[in-house]
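Just work_33.cif here, mmCIF, C-alpha atoms and all ligand atoms:
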```cif
data_entry
loop_
_atom_site.label_atom_id
_atom_site.label_comp_id
_atom_site.auth_asym_id
_atom_site.auth_seq_id
_atom_site.Cartn_x
_atom_site.Cartn_y
_atom_site.Cartn_z
CA MET A 1 0.00 0.00 0.00
CA PHE A 2 1.43 3.37 -1.05
CA ASP A 3 2.34 5.50 1.99
CA VAL A 4 0.88 8.89 0.99
CA LEU A 5 1.60 10.56 4.31
CA GLY A 6 5.25 9.47 4.22
CA PHE A 7 5.46 10.71 0.61
CA ILE A 8 4.16 14.17 1.58
CA GLU A 9 6.49 14.36 4.59
CA GLN A 10 9.44 13.43 2.37
CA LYS A 11 8.84 16.48 0.16
CA ARG A 12 7.98 18.71 3.13
CA ASP A 13 11.42 17.87 4.58
CA GLY A 14 13.23 18.57 1.30
CA LYS A 15 13.97 14.94 0.44
CA PHE A 16 13.69 13.33 -2.98
CA HIS A 17 11.12 10.91 -4.43
CA THR A 18 11.97 7.90 -6.56
CA PRO A 19 10.41 7.54 -10.05
CA GLU A 20 8.29 4.63 -8.73
CA GLN A 21 6.93 6.74 -5.86
CA LEU A 22 5.95 9.54 -8.22
CA GLU A 23 4.26 7.09 -10.58
CA ASP A 24 2.37 5.45 -7.69
CA PHE A 25 1.29 8.84 -6.38
CA VAL A 26 -0.05 10.03 -9.76
CA ASN A 27 -1.81 6.69 -10.32
CA GLY A 28 -3.25 6.81 -6.78
CA CYS A 29 -4.66 10.27 -7.44
CA MET A 30 -6.22 9.12 -10.71
CA LYS A 31 -7.83 6.07 -9.11
CA GLY A 32 -9.29 8.22 -6.30
CA GLU A 33 -7.13 6.45 -3.70
CA VAL A 34 -5.33 9.66 -2.74
CA PRO A 35 -7.79 12.22 -1.39
CA ASP A 36 -7.65 15.78 -2.75
CA TYR A 37 -6.42 17.19 0.57
CA GLN A 38 -3.32 14.99 0.49
CA ALA A 39 -2.63 15.76 -3.17
CA ALA A 40 -3.00 19.47 -2.35
CA ALA A 41 -0.61 19.18 0.61
CA TRP A 42 2.00 17.60 -1.67
CA LEU A 43 1.54 20.38 -4.24
CA MET A 44 2.17 22.97 -1.53
CA ALA A 45 5.30 21.09 -0.43
CA VAL A 46 6.51 21.13 -4.05
CA TYR A 47 5.67 24.83 -4.28
CA PHE A 48 8.18 25.51 -1.48
CA ARG A 49 10.72 22.73 -2.00
CA GLY A 50 10.69 22.35 -5.79
CA LEU A 51 11.49 19.18 -7.73
CA SER A 52 14.91 17.88 -8.74
CA GLU A 53 15.60 17.35 -12.44
CA GLY A 54 15.01 13.63 -12.05
CA GLU A 55 11.78 14.12 -10.10
CA LEU A 56 10.50 16.61 -12.65
CA LEU A 57 11.15 14.14 -15.45
CA SER A 58 9.40 11.27 -13.62
CA PHE A 59 6.42 13.39 -12.57
CA THR A 60 5.99 14.76 -16.12
CA LYS A 61 6.21 11.25 -17.56
CA ALA A 62 3.58 10.00 -15.12
CA LEU A 63 1.24 12.87 -16.11
CA ALA A 64 1.81 12.31 -19.84
CA ASP A 65 1.25 8.55 -19.48
CA SER A 66 -1.97 8.92 -17.48
CA GLY A 67 -4.29 8.78 -20.50
CA ASP A 68 -4.43 8.47 -24.28
CA LYS A 69 -1.60 9.62 -26.51
CA ILE A 70 -1.58 10.85 -30.08
CA THR A 71 1.02 9.10 -32.22
CA PHE A 72 2.27 10.32 -35.58
CA PRO A 73 4.31 8.16 -37.98
CA LYS A 74 7.92 8.04 -36.71
CA ASP A 75 9.51 9.34 -39.90
CA ILE A 76 7.84 12.75 -39.91
CA VAL A 77 8.78 15.75 -37.79
CA VAL A 78 5.59 17.26 -36.38
CA LEU A 79 5.74 20.61 -34.61
CA ASP A 80 3.68 22.25 -31.92
CA LYS A 81 3.85 25.77 -30.59
CA HIS A 82 2.84 26.81 -27.09
CA SER A 83 2.33 30.31 -25.76
CA THR A 84 2.15 30.97 -22.04
CA GLY A 85 -0.71 33.32 -22.86
CA GLY A 86 -1.09 37.01 -23.40
CA VAL A 87 -3.42 39.81 -24.41
CA GLY A 88 -4.15 40.18 -28.13
CA ASP A 89 -1.96 37.14 -28.82
CA LYS A 90 -3.31 35.83 -32.12
CA THR A 91 0.04 34.44 -33.28
CA THR A 92 -1.09 30.81 -33.56
CA LEU A 93 -3.69 31.78 -36.18
CA ILE A 94 -0.91 33.24 -38.32
CA VAL A 95 2.11 31.07 -37.56
CA LEU A 96 0.41 27.71 -37.99
CA PRO A 97 -0.62 28.30 -41.64
CA ILE A 98 2.72 29.96 -42.48
CA VAL A 99 4.75 27.00 -41.24
CA ALA A 100 2.41 24.37 -42.71
CA SER A 101 2.42 26.16 -46.07
CA LEU A 102 6.22 25.71 -46.13
CA GLY A 103 5.91 21.96 -45.81
CA VAL A 104 6.44 21.53 -42.05
CA PRO A 105 3.50 19.74 -40.37
CA VAL A 106 2.00 21.42 -37.30
CA ALA A 107 -0.28 19.63 -34.81
CA LYS A 108 -1.62 22.25 -32.45
CA LEU A 109 -3.48 21.42 -29.28
CA SER A 110 -4.84 24.48 -27.63
CA GLY A 111 -6.75 25.63 -24.59
CA LYS A 112 -9.67 27.95 -24.00
CA GLY A 113 -8.98 31.35 -22.51
CA LEU A 114 -9.09 31.80 -18.73
CA GLY A 115 -8.53 34.90 -16.61
CA PHE A 116 -7.30 37.93 -18.51
CA THR A 117 -5.65 36.00 -21.37
CA GLY A 118 -7.44 34.81 -24.49
CA GLY A 119 -7.47 31.31 -25.95
CA THR A 120 -6.99 30.29 -29.57
CA ILE A 121 -9.96 27.91 -29.47
CA ASP A 122 -12.28 30.78 -28.46
CA LYS A 123 -10.91 32.99 -31.22
CA LEU A 124 -11.42 30.32 -33.86
CA SER A 125 -14.91 29.54 -32.62
CA SER A 126 -15.96 32.91 -34.04
CA ILE A 127 -15.70 31.26 -37.48
CA PRO A 128 -19.12 29.63 -38.05
CA GLY A 129 -19.15 25.84 -38.14
CA MET A 130 -15.52 25.31 -37.04
CA ASN A 131 -15.04 21.89 -35.45
CA LEU A 132 -12.54 22.55 -32.69
CA GLN A 133 -12.75 19.28 -30.83
CA LEU A 134 -11.23 16.80 -33.27
CA SER A 135 -10.97 13.09 -32.52
CA ALA A 136 -7.39 11.78 -32.35
CA LYS A 137 -7.92 10.00 -35.68
CA LYS A 138 -9.22 13.10 -37.46
CA PHE A 139 -6.44 15.21 -35.90
CA ILE A 140 -3.70 12.87 -37.16
CA ASN A 141 -5.29 12.41 -40.62
CA GLN A 142 -5.74 16.13 -41.12
CA VAL A 143 -2.10 16.87 -40.22
CA MET A 144 -1.00 14.19 -42.69
CA GLU A 145 -3.37 15.40 -45.43
CA ILE A 146 -3.20 19.20 -45.32
CA GLY A 147 -0.17 19.79 -43.06
CA CYS A 148 -1.89 21.24 -40.00
CA ALA A 149 -4.73 20.84 -37.51
CA ILE A 150 -5.85 22.64 -34.40
CA SER A 151 -7.97 21.19 -31.68
CA GLY A 152 -9.05 21.81 -28.11
CA HIS A 153 -7.15 19.70 -25.64
CA SER A 154 -9.08 16.45 -25.12
CA GLU A 155 -9.62 15.42 -21.50
CA ALA A 156 -8.50 11.94 -22.46
CA LEU A 157 -4.94 13.25 -23.04
CA ALA A 158 -2.87 13.58 -19.84
CA PRO A 159 -5.95 13.56 -17.56
CA ALA A 160 -3.73 13.62 -14.45
CA GLU A 161 -2.48 17.03 -15.56
CA GLY A 162 -6.09 18.26 -15.47
CA PHE A 163 -6.56 16.78 -12.00
CA PHE A 164 -3.49 18.54 -10.58
CA TYR A 165 -4.20 21.80 -12.42
CA SER A 166 -7.70 22.04 -10.90
CA LEU A 167 -6.25 21.55 -7.42
CA ARG A 168 -3.47 24.07 -8.03
CA ASP A 169 -6.01 26.61 -9.20
CA VAL A 170 -7.74 26.59 -5.79
CA THR A 171 -4.73 26.11 -3.51
CA GLY A 172 -2.41 28.93 -4.55
CA THR A 173 0.06 26.56 -6.19
CA VAL A 174 -0.15 27.63 -9.84
CA PRO A 175 2.99 29.84 -9.92
CA SER A 176 5.56 27.10 -9.35
CA ILE A 177 8.05 26.62 -12.17
CA PRO A 178 8.36 22.80 -11.92
CA LEU A 179 4.56 22.46 -11.69
CA ILE A 180 3.98 24.74 -14.68
CA ALA A 181 6.71 23.08 -16.75
CA SER A 182 5.40 19.57 -16.02
CA SER A 183 1.84 20.68 -16.77
CA ILE A 184 2.73 22.17 -20.16
CA VAL A 185 5.24 19.55 -21.29
CA SER A 186 3.07 16.56 -20.27
CA LYS A 187 0.21 17.86 -22.44
CA LYS A 188 2.60 18.48 -25.33
CA LEU A 189 4.03 14.97 -25.03
CA ALA A 190 0.55 13.44 -25.08
CA GLY A 191 -0.23 15.57 -28.17
CA GLY A 192 2.30 13.63 -30.23
CA ALA A 193 4.48 16.37 -31.73
CA SER A 194 8.23 15.83 -31.79
CA SER A 195 9.47 19.43 -31.70
CA PHE A 196 8.21 22.39 -29.72
CA VAL A 197 8.56 26.14 -29.83
CA PHE A 198 7.54 27.86 -26.60
CA ASP A 199 6.54 31.51 -26.64
CA VAL A 200 7.17 32.52 -23.03
CA LYS A 201 5.75 35.93 -22.28
CA PHE A 202 7.08 38.39 -19.76
CA GLY A 203 5.72 41.76 -18.70
CA LYS A 204 2.51 43.28 -17.40
CA GLY A 205 0.11 41.12 -19.41
CA SER A 206 1.95 37.85 -18.90
CA PHE A 207 0.93 35.06 -16.64
CA MET A 208 4.36 34.91 -14.88
CA LYS A 209 5.06 37.97 -12.84
CA GLY A 210 8.68 39.13 -13.00
CA LYS A 211 10.99 38.86 -15.99
CA GLU A 212 13.45 36.60 -14.20
CA LYS A 213 10.69 34.05 -13.48
CA SER A 214 9.70 34.01 -17.17
CA PHE A 215 13.33 33.39 -18.08
CA GLN A 216 13.49 30.51 -15.59
CA LEU A 217 10.29 29.04 -17.01
CA ALA A 218 11.69 29.19 -20.55
CA ASP A 219 14.81 27.31 -19.42
CA ALA A 220 12.74 24.75 -17.55
CA LEU A 221 10.44 24.10 -20.54
CA VAL A 222 13.30 23.67 -23.02
CA ASN A 223 15.35 21.45 -20.70
CA LEU A 224 12.38 19.28 -19.80
CA ALA A 225 11.28 18.78 -23.42
CA LYS A 226 14.86 17.90 -24.39
CA ALA A 227 15.04 15.38 -21.56
CA PHE A 228 12.27 13.53 -23.43
CA ASP A 229 14.39 13.60 -26.61
CA LYS A 230 12.27 16.29 -28.20
CA LYS A 231 13.65 19.29 -30.00
CA ALA A 232 12.73 22.50 -28.24
CA LEU A 233 13.37 26.18 -28.30
CA ALA A 234 11.82 29.11 -26.43
CA LEU A 235 11.42 32.75 -27.36
CA LEU A 236 11.06 35.22 -24.52
CA THR A 237 8.64 37.81 -25.76
CA ASN A 238 7.39 41.12 -24.46
CA MET A 239 3.81 41.29 -23.18
CA ASN A 240 3.85 44.67 -21.46
CA ALA A 241 1.39 45.99 -24.06
CA PRO A 242 -1.26 44.06 -26.00
CA LEU A 243 -0.03 42.51 -29.23
CA GLY A 244 -1.38 44.29 -32.29
CA THR A 245 -4.28 46.69 -32.50
CA TRP A 246 -7.21 44.46 -31.61
CA VAL A 247 -8.08 42.48 -28.47
CA GLY A 248 -11.22 40.35 -28.69
CA ASN A 249 -12.02 36.98 -30.17
CA SER A 250 -13.67 37.70 -33.52
CA ALA A 251 -11.62 40.89 -33.94
CA GLU A 252 -8.38 38.95 -33.49
CA VAL A 253 -9.33 36.52 -36.26
CA GLN A 254 -9.83 39.61 -38.41
CA GLU A 255 -6.39 40.94 -37.47
CA ALA A 256 -4.78 37.55 -38.10
CA LEU A 257 -6.29 37.52 -41.60
CA ASP A 258 -4.98 41.05 -42.15
CA VAL A 259 -1.44 39.89 -41.28
CA LEU A 260 -1.79 36.83 -43.52
CA ARG A 261 -2.74 39.19 -46.37
CA GLY A 262 0.49 41.15 -45.75
CA GLU A 263 -1.28 43.95 -43.90
CA GLY A 264 -1.96 44.39 -40.18
CA PRO A 265 0.18 45.77 -37.36
CA GLN A 266 3.96 45.58 -37.53
CA ASP A 267 4.50 44.11 -34.02
CA THR A 268 2.17 41.18 -34.75
CA ARG A 269 3.80 40.48 -38.11
CA GLU A 270 7.28 40.71 -36.59
CA LEU A 271 6.55 38.31 -33.71
CA CYS A 272 4.84 35.84 -36.04
CA LEU A 273 7.81 35.84 -38.41
CA SER A 274 10.14 35.17 -35.45
CA LEU A 275 8.01 32.30 -34.16
CA ALA A 276 7.59 30.81 -37.63
CA GLY A 277 11.33 31.25 -38.24
CA ALA A 278 12.08 29.40 -35.00
CA MET A 279 9.71 26.59 -35.95
CA LEU A 280 11.24 26.20 -39.41
CA PHE A 281 14.68 26.21 -37.79
CA ILE A 282 13.99 23.42 -35.29
CA ALA A 283 12.27 21.42 -38.00
CA GLY A 284 15.60 21.52 -39.90
CA LYS A 285 14.03 23.34 -42.86
CA VAL A 286 16.40 26.34 -42.62
CA LYS A 287 19.85 26.96 -41.11
CA SER A 288 18.92 29.86 -38.81
CA ILE A 289 15.91 31.62 -37.33
CA GLU A 290 16.73 34.64 -39.53
CA GLU A 291 16.57 32.49 -42.66
CA GLY A 292 13.28 31.05 -41.39
CA LYS A 293 11.88 34.56 -40.89
CA ALA A 294 12.67 35.43 -44.50
CA GLU A 295 10.98 32.22 -45.73
CA ALA A 296 7.95 32.99 -43.57
CA GLY A 297 7.78 36.50 -45.03
CA ARG A 298 7.72 35.02 -48.54
CA ALA A 299 4.89 32.64 -47.60
CA ILE A 300 2.86 35.71 -46.64
CA SER A 301 3.74 37.85 -49.64
CA ASP A 302 3.01 35.18 -52.25
CA GLY A 303 -0.32 34.21 -50.60
CA ARG A 304 0.64 30.64 -49.62
CA ALA A 305 0.01 31.22 -45.91
CA LEU A 306 -3.44 32.72 -46.50
CA ARG A 307 -4.42 29.82 -48.77
CA GLN A 308 -3.25 27.39 -46.07
CA PHE A 309 -5.45 29.19 -43.51
CA GLU A 310 -8.44 28.74 -45.84
CA ARG A 311 -7.55 25.04 -46.22
CA LEU A 312 -7.40 24.65 -42.43
CA VAL A 313 -10.80 26.30 -41.95
CA ARG A 314 -12.39 24.17 -44.69
CA ALA A 315 -10.90 20.94 -43.31
CA GLN A 316 -12.45 21.71 -39.92
CA LYS A 317 -15.86 22.52 -41.45
CA GLY A 318 -15.66 26.26 -40.90
CA THR A 319 -17.19 28.71 -43.34
CA LEU A 320 -15.58 32.05 -44.01
CA ASP A 321 -17.09 34.52 -46.43
CA GLU A 322 -14.87 35.18 -49.48
CA GLY A 323 -15.03 38.89 -48.67
CA ILE A 324 -13.59 38.31 -45.20
CA ILE A 325 -10.69 36.39 -46.68
CA SER A 326 -9.99 38.99 -49.36
CA GLY A 327 -10.40 41.88 -46.93
CA SER A 328 -13.48 43.54 -48.42
CA LYS A 329 -15.66 42.45 -45.49
CA LYS A 330 -14.99 42.29 -41.74
CA MET A 331 -15.57 39.68 -39.06
CA PRO A 332 -18.59 40.48 -36.85
CA LEU A 333 -18.04 43.11 -34.17
CA ALA A 334 -20.31 44.39 -31.39
CA LYS A 335 -22.26 47.39 -32.68
CA ASN A 336 -21.96 49.81 -29.75
CA VAL A 337 -18.78 51.85 -29.63
CA LYS A 338 -17.28 53.96 -26.89
CA GLU A 339 -14.17 56.06 -27.43
CA ILE A 340 -11.53 56.62 -24.76
CA ARG A 341 -9.94 60.03 -25.27
CA SER A 342 -6.65 61.38 -24.00
CA LEU A 343 -6.86 63.97 -21.25
CA GLU A 344 -3.55 65.50 -22.30
CA GLU A 345 -1.17 65.97 -25.18
CA GLY A 346 2.00 63.88 -25.34
CA TYR A 347 3.48 60.50 -26.19
CA VAL A 348 1.93 57.21 -25.14
CA ALA A 349 4.44 55.87 -22.61
CA GLU A 350 2.46 52.76 -21.72
CA CYS A 351 -0.60 50.75 -22.69
CA ASN A 352 -0.92 48.17 -19.92
CA ALA A 353 -1.85 44.78 -21.38
CA LEU A 354 -3.24 43.50 -18.07
CA ASN A 355 -5.82 46.31 -17.89
CA ILE A 356 -6.91 45.72 -21.48
CA GLY A 357 -7.27 41.96 -20.86
CA LEU A 358 -9.32 42.60 -17.71
CA ALA A 359 -11.48 45.14 -19.56
CA LEU A 360 -12.27 42.60 -22.28
CA ARG A 361 -13.34 40.13 -19.60
CA LYS A 362 -15.64 42.74 -18.02
CA LEU A 363 -17.25 43.24 -21.44
CA GLY A 364 -17.97 39.49 -21.56
CA GLY A 365 -15.13 38.58 -23.94
CA GLY A 366 -13.24 36.42 -21.43
CA ARG A 367 -13.97 34.05 -18.56
CA SER A 368 -13.46 34.14 -14.81
CA ARG A 369 -14.41 30.49 -14.43
CA LYS A 370 -13.93 27.43 -16.63
CA GLY A 371 -16.96 26.66 -18.80
CA GLU A 372 -18.42 30.20 -18.83
CA SER A 373 -19.79 31.27 -22.20
CA ILE A 374 -18.30 34.38 -23.74
CA ASP A 375 -19.27 37.12 -26.19
CA LEU A 376 -17.04 36.68 -29.23
CA THR A 377 -17.87 40.06 -30.78
CA VAL A 378 -16.78 42.45 -28.01
CA ALA A 379 -13.36 44.04 -28.47
CA VAL A 380 -10.91 46.76 -27.56
CA GLU A 381 -9.19 48.57 -30.42
CA ILE A 382 -5.91 50.26 -29.54
CA LEU A 383 -5.62 53.39 -31.66
CA LYS A 384 -2.42 54.76 -30.13
CA LYS A 385 0.37 52.31 -29.39
CA LYS A 386 3.40 53.01 -27.20
CA GLY A 387 5.46 55.89 -28.61
CA ALA A 388 2.59 57.41 -30.62
CA PHE A 389 1.85 61.14 -30.27
CA VAL A 390 -1.64 62.05 -29.11
CA ASN A 391 -3.41 65.43 -28.91
CA GLU A 392 -5.63 66.34 -25.97
CA GLY A 393 -9.11 64.96 -26.65
CA GLU A 394 -7.92 62.57 -29.38
CA PRO A 395 -9.10 58.93 -29.06
CA LEU A 396 -6.62 56.44 -27.59
CA ALA A 397 -8.84 53.38 -27.89
CA ARG A 398 -12.34 52.19 -28.77
CA ILE A 399 -14.46 49.75 -26.84
CA TYR A 400 -16.95 47.61 -28.82
CA PHE A 401 -19.62 46.34 -26.46
CA ASN A 402 -23.05 44.69 -26.20
CA ARG A 403 -23.93 44.75 -22.53
CA THR A 404 -23.70 47.86 -20.42
CA ASN A 405 -23.67 46.50 -16.86
CA LEU A 406 -19.87 46.52 -16.49
CA LEU A 407 -19.14 49.06 -19.19
CA GLU A 408 -18.08 51.74 -16.71
CA GLU A 409 -15.57 49.42 -15.08
CA ALA A 410 -14.24 48.34 -18.47
CA THR A 411 -13.93 52.00 -19.50
CA GLU A 412 -11.99 52.80 -16.34
CA LEU A 413 -9.63 49.88 -16.98
CA VAL A 414 -8.95 50.95 -20.57
CA SER A 415 -8.49 54.63 -19.59
CA SER A 416 -6.05 53.78 -16.82
CA ALA A 417 -4.11 51.41 -19.11
CA PHE A 418 -2.69 54.45 -20.91
CA ILE A 419 0.05 56.66 -19.54
CA VAL A 420 0.75 59.77 -21.62
CA GLY A 421 4.00 61.67 -20.99
CA HIS A 422 6.06 64.49 -22.45
CA GLU A 423 9.06 62.41 -23.49
CA LYS A 424 8.96 59.96 -26.36
CA PRO A 425 9.60 56.55 -24.71
CA SER A 426 12.41 54.34 -25.92
CA GLY A 427 11.37 51.24 -27.85
CA GLU A 428 11.29 47.77 -26.31
CA LEU A 429 12.49 44.57 -27.89
CA LEU A 430 9.67 42.24 -28.90
CA VAL A 431 11.83 39.11 -28.71
CA GLU A 432 14.21 39.55 -25.81
CA ARG A 433 16.01 36.23 -25.83
CA VAL A 434 16.10 32.83 -27.54
CA VAL A 435 16.60 29.82 -25.27
CA GLU A 436 17.90 26.71 -27.05
N1 LIG A 501 -0.47 26.84 -18.42
C1 LIG A 501 -0.49 25.49 -18.30
O1 LIG A 501 -0.80 24.79 -19.26
N2 LIG A 501 -0.16 24.96 -17.12
C2 LIG A 501 0.21 25.70 -16.05
O2 LIG A 501 0.52 25.16 -15.02
C3 LIG A 501 0.21 27.09 -16.19
C4 LIG A 501 -0.14 27.63 -17.39
#
```
Can the structure in the file be given as structure tokens, please?
Ligand code: URA
Amino acid sequence: MFDVLGFIEQKRDGKFHTPEQLEDFVNGCMKGEVPDYQAAAWLMAVYFRGLSEGELLSFTKALADSGDKITFPKDIVVLDKHSTGGVGDKTTLIVLPIVASLGVPVAKLSGKGLGFTGGTIDKLSSIPGMNLQLSAKKFINQVMEIGCAISGHSEALAPAEGFFYSLRDVTGTVPSIPLIASSIVSKKLAGGASSFVFDVKFGKGSFMKGKEKSFQLADALVNLAKAFDKKALALLTNMNAPLGTWVGNSAEVQEALDVLRGEGPQDTRELCLSLAGAMLFIAGKVKSIEEGKAEAGRAISDGRALRQFERLVRAQKGTLDEGIISGSKKMPLAKNVKEIRSLEEGYVAECNALNIGLALRKLGGGRSRKGESIDLTVAVEILKKKGAFVNEGEPLARIYFNRTNLLEEATELVSSAFIVGHEKPSGELLVERVVE
């Protein structure tokens, strides 16, 4: 009989578990033999004591092995990309078709948005008819046939990860680097890809608070994935301000299509080219990330990436009006508009991503709890990005809304996101570091 109390005390006292103990513990939790309060006590002990490299590997393996696994043929390199979540982050919608259009298969498993960050599955669900919960068979076949697929994470994959995540969510144990790394990597391993690019955000709108912590997470993710013989690379990217001009589910699909047509905001294009470049590089398609960026740029300018996006939508039963693809029509947007005007003249020194993400949630565009339904058409449009000059009374942002009950709070959040000063602020790097 597995000694759960002894196991918890071992970690409490800073000692190390064996791989067998960790496997027994995870299995015991899944079979309901370990009560939630003991699992939670162990999580808190890990929060303070951490896990050794060996323990992290064994725990991650136990999570990944706890359910079904997707398996691709051994001879093909399949990529996945994971973002730690941000505000206005629509990069997956752009990067996935770029990379697939260049002959590198991408199998993307994605989550729904929670808290102040958005989720790719929610964004794509604003395309009518899109099937975003693919069976394993359909997921694999689609990647083999058209080069990419995107699906919500099935509960049958790494179910133990879901069990621990739910407990962490209510016990203050989410922000632990070994627990986050094992959570992310176990899901990626179950998803079947053989190479991963992690987009680890830092800054005001990122999930990790403190730049140093984001750097540590990037290292942990890359090292852990490599310990499973996967290729991995992380980009540390700036999330102080929202990415692009639009924040909101349907509006972000619109902006992604703009970028795929060679238009759209420069920061979004630039980050997508870097991520696509990194993916092409670890897939062995190009010799450097820079070369990959140039290839990715060509896939946009000659229309291959946009055609691949259309193929992806069609394969998953979505219907997109021709006009929306060509740019003559727009994705649906809430009809009521409120402008946020600057109280003074000067340069935008800051547009705080966290405030904008929270404002979108107040408007109904994000969730506070799992399973909540959301309004896909509400949005915040950023008219003046960091460094832009604004006159007194000129609009900084627009809020597109349907319901008015929390509109005042959302307005306050958007207004206070902006800091306008007399000096033009210096620029910030979008990609701060590459971790290989
Ligand atoms: N995202 C995950 O998938 N897991 C975590 O633990 C935190 C963020």
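Look at stretch 321-332 of chain A: the protein and nucleic acid residues within 9 Å of it, using only C-alpha atoms and passing over chain neighbours fewer than 6 places away, are Ser126, Ile127, Ser250, Ala251, Val253, Gln254, Leu257, Asp258, Arg261, Leu306, Glu310, Leu376 and Thr377 of chain A.
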Would you export the selected residues with C-alpha atoms as a PDB file, keeping the file's coordinate frame, please?
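result_0.pdb was written with the following content:
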```pdb
ATOM      1  CA  SER A 126     -15.960  32.910 -34.040  1.00  0.00           C
ATOM      2  CA  ILE A 127     -15.700  31.260 -37.480  1.00  0.00           C
ATOM      3  CA  SER A 250     -13.670  37.700 -33.520  1.00  0.00           C
ATOM      4  CA  ALA A 251     -11.620  40.890 -33.940  1.00  0.00           C
ATOM      5  CA  VAL A 253      -9.330  36.520 -36.260  1.00  0.00           C
ATOM      6  CA  GLN A 254      -9.830  39.610 -38.410  1.00  0.00           C
ATOM      7  CA  LEU A 257      -6.290  37.520 -41.600  1.00  0.00           C
ATOM      8  CA  ASP A 258      -4.980  41.050 -42.150  1.00  0.00           C
ATOM      9  CA  ARG A 261      -2.740  39.190 -46.370  1.00  0.00           C
ATOM     10  CA  LEU A 306      -3.440  32.720 -46.500  1.00  0.00           C
ATOM     11  CA  GLU A 310      -8.440  28.740 -45.840  1.00  0.00           C
ATOM     12  CA  LEU A 376     -17.040  36.680 -29.230  1.00  0.00           C
ATOM     13  CA  THR A 377     -17.870  40.060 -30.780  1.00  0.00           C
TER      14      THR A 377
END
```
* Would you mind telling me which residue in A:Leu109, A:Leu430, A:Ala305, A:Ile146 lies nearest to ligand LIG 501 (chain A) when using only C-alpha atoms and all ligand atoms? =>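 Going through A:Leu109, A:Leu430, A:Ala305, A:Ile146 one by one, the smallest distance to ligand LIG 501 (chain A) is for A:Leu109.
Across A:Ser176, A:Ser426, A:Ser415, A:Ser288, the tightest approach to ligand LIG 501 (chain A) is made by A:Ser176 when counting all atoms listed in the file.
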Which neighbours of A:Ser301 fall inside 9 Å, counting only C-alpha atoms, when residues of the same chain fewer than 5 positions from it are skipped, and could you give them as a PDB file with C-alpha atoms, in the frame of the given file?
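Output file part11.pdb follows:
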```pdb
ATOM      1  CA  LEU A 260      -1.790  36.830 -43.520  1.00  0.00           C
ATOM      2  CA  ARG A 261      -2.740  39.190 -46.370  1.00  0.00           C
ATOM      3  CA  GLY A 262       0.490  41.150 -45.750  1.00  0.00           C
ATOM      4  CA  ALA A 296       7.950  32.990 -43.570  1.00  0.00           C
TER       5      ALA A 296
END
```
* Given 10 Å and all atoms listed in the file, residues near ligand LIG 501 (chain A) as an MDAnalysis selection string -> chainID A and resid 82:85 110:111 114 161:162 164:166 168:169 173:188 207:208
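Distance check against A:Lys138 using only C-alpha atoms: of A:Phe309, A:Tyr37, A:Phe72, A:Trp246, the minimum falls on A:Phe72.
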* **Coordinates-based distance that separates atom CA of A:Gly297 from atom CA of A:Leu243 (Å, one decimal)** =>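 Pair atom CA of A:Leu243 / atom CA of A:Gly297 returns 18.6 Å.
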* What is the atom CA of A:Ile289 to atom CA of A:Ala232 distance in Å? ->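 These atoms are spaced 13.3 Å apart.
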* Structure fact -> Taken to one decimal, the atom CA of A:Val313-atom CA of A:Met130 distance is 6.9 Å
* Asked: Taking only C-alpha atoms into account, which of A:Gly14, A:Gly318, A:Pro35, A:Gly264 comes nearest A:Arg49?
  -> A:Gly14
* Point out the residue among A:Ala241, A:Leu22, A:Leu96, A:Ile399 with the least atom-to-atom distance to A:Asn355, counting all atoms listed in the file. =>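 Between A:Ala241, A:Leu22, A:Leu96, A:Ile399, the residue approaching A:Asn355 most closely is A:Ala241.
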* To do: Check the smallest atom-to-atom distance from each of A:Pro19, A:Gly86, A:Pro97, A:Gly292 to A:Glu53 using only C-alpha atoms, then report the winner.
  => A:Pro19
* To do: Might you pull out every residue within 10 Å of A:Ile356, with all atoms listed in the file counted and same-chain residues fewer than 6 positions away left off, and present them as a PyMOL selection string?
  => chain A and resi 87-88+116-117+205+241-242+247-248+362+379-382+410-411+413-418
Can you spit out the residues from that selection as a compact mmCIF listing (two decimals), in the coordinates of the input, using C-alpha atoms?
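Result file result.txt:
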```
# COMPACT_ATOMS: atom_id res chain seq x y z
CA VAL A 87 -3.42 39.81 -24.41
CA GLY A 88 -4.15 40.18 -28.13
CA PHE A 116 -7.30 37.93 -18.51
CA THR A 117 -5.65 36.00 -21.37
CA GLY A 205 0.11 41.12 -19.41
CA ALA A 241 1.39 45.99 -24.06
CA PRO A 242 -1.26 44.06 -26.00
CA VAL A 247 -8.08 42.48 -28.47
CA GLY A 248 -11.22 40.35 -28.69
CA LYS A 362 -15.64 42.74 -18.02
CA ALA A 379 -13.36 44.04 -28.47
CA VAL A 380 -10.91 46.76 -27.56
CA GLU A 381 -9.19 48.57 -30.42
CA ILE A 382 -5.91 50.26 -29.54
CA ALA A 410 -14.24 48.34 -18.47
CA THR A 411 -13.93 52.00 -19.50
CA LEU A 413 -9.63 49.88 -16.98
CA VAL A 414 -8.95 50.95 -20.57
CA SER A 415 -8.49 54.63 -19.59
CA SER A 416 -6.05 53.78 -16.82
CA ALA A 417 -4.11 51.41 -19.11
CA PHE A 418 -2.69 54.45 -20.91
```
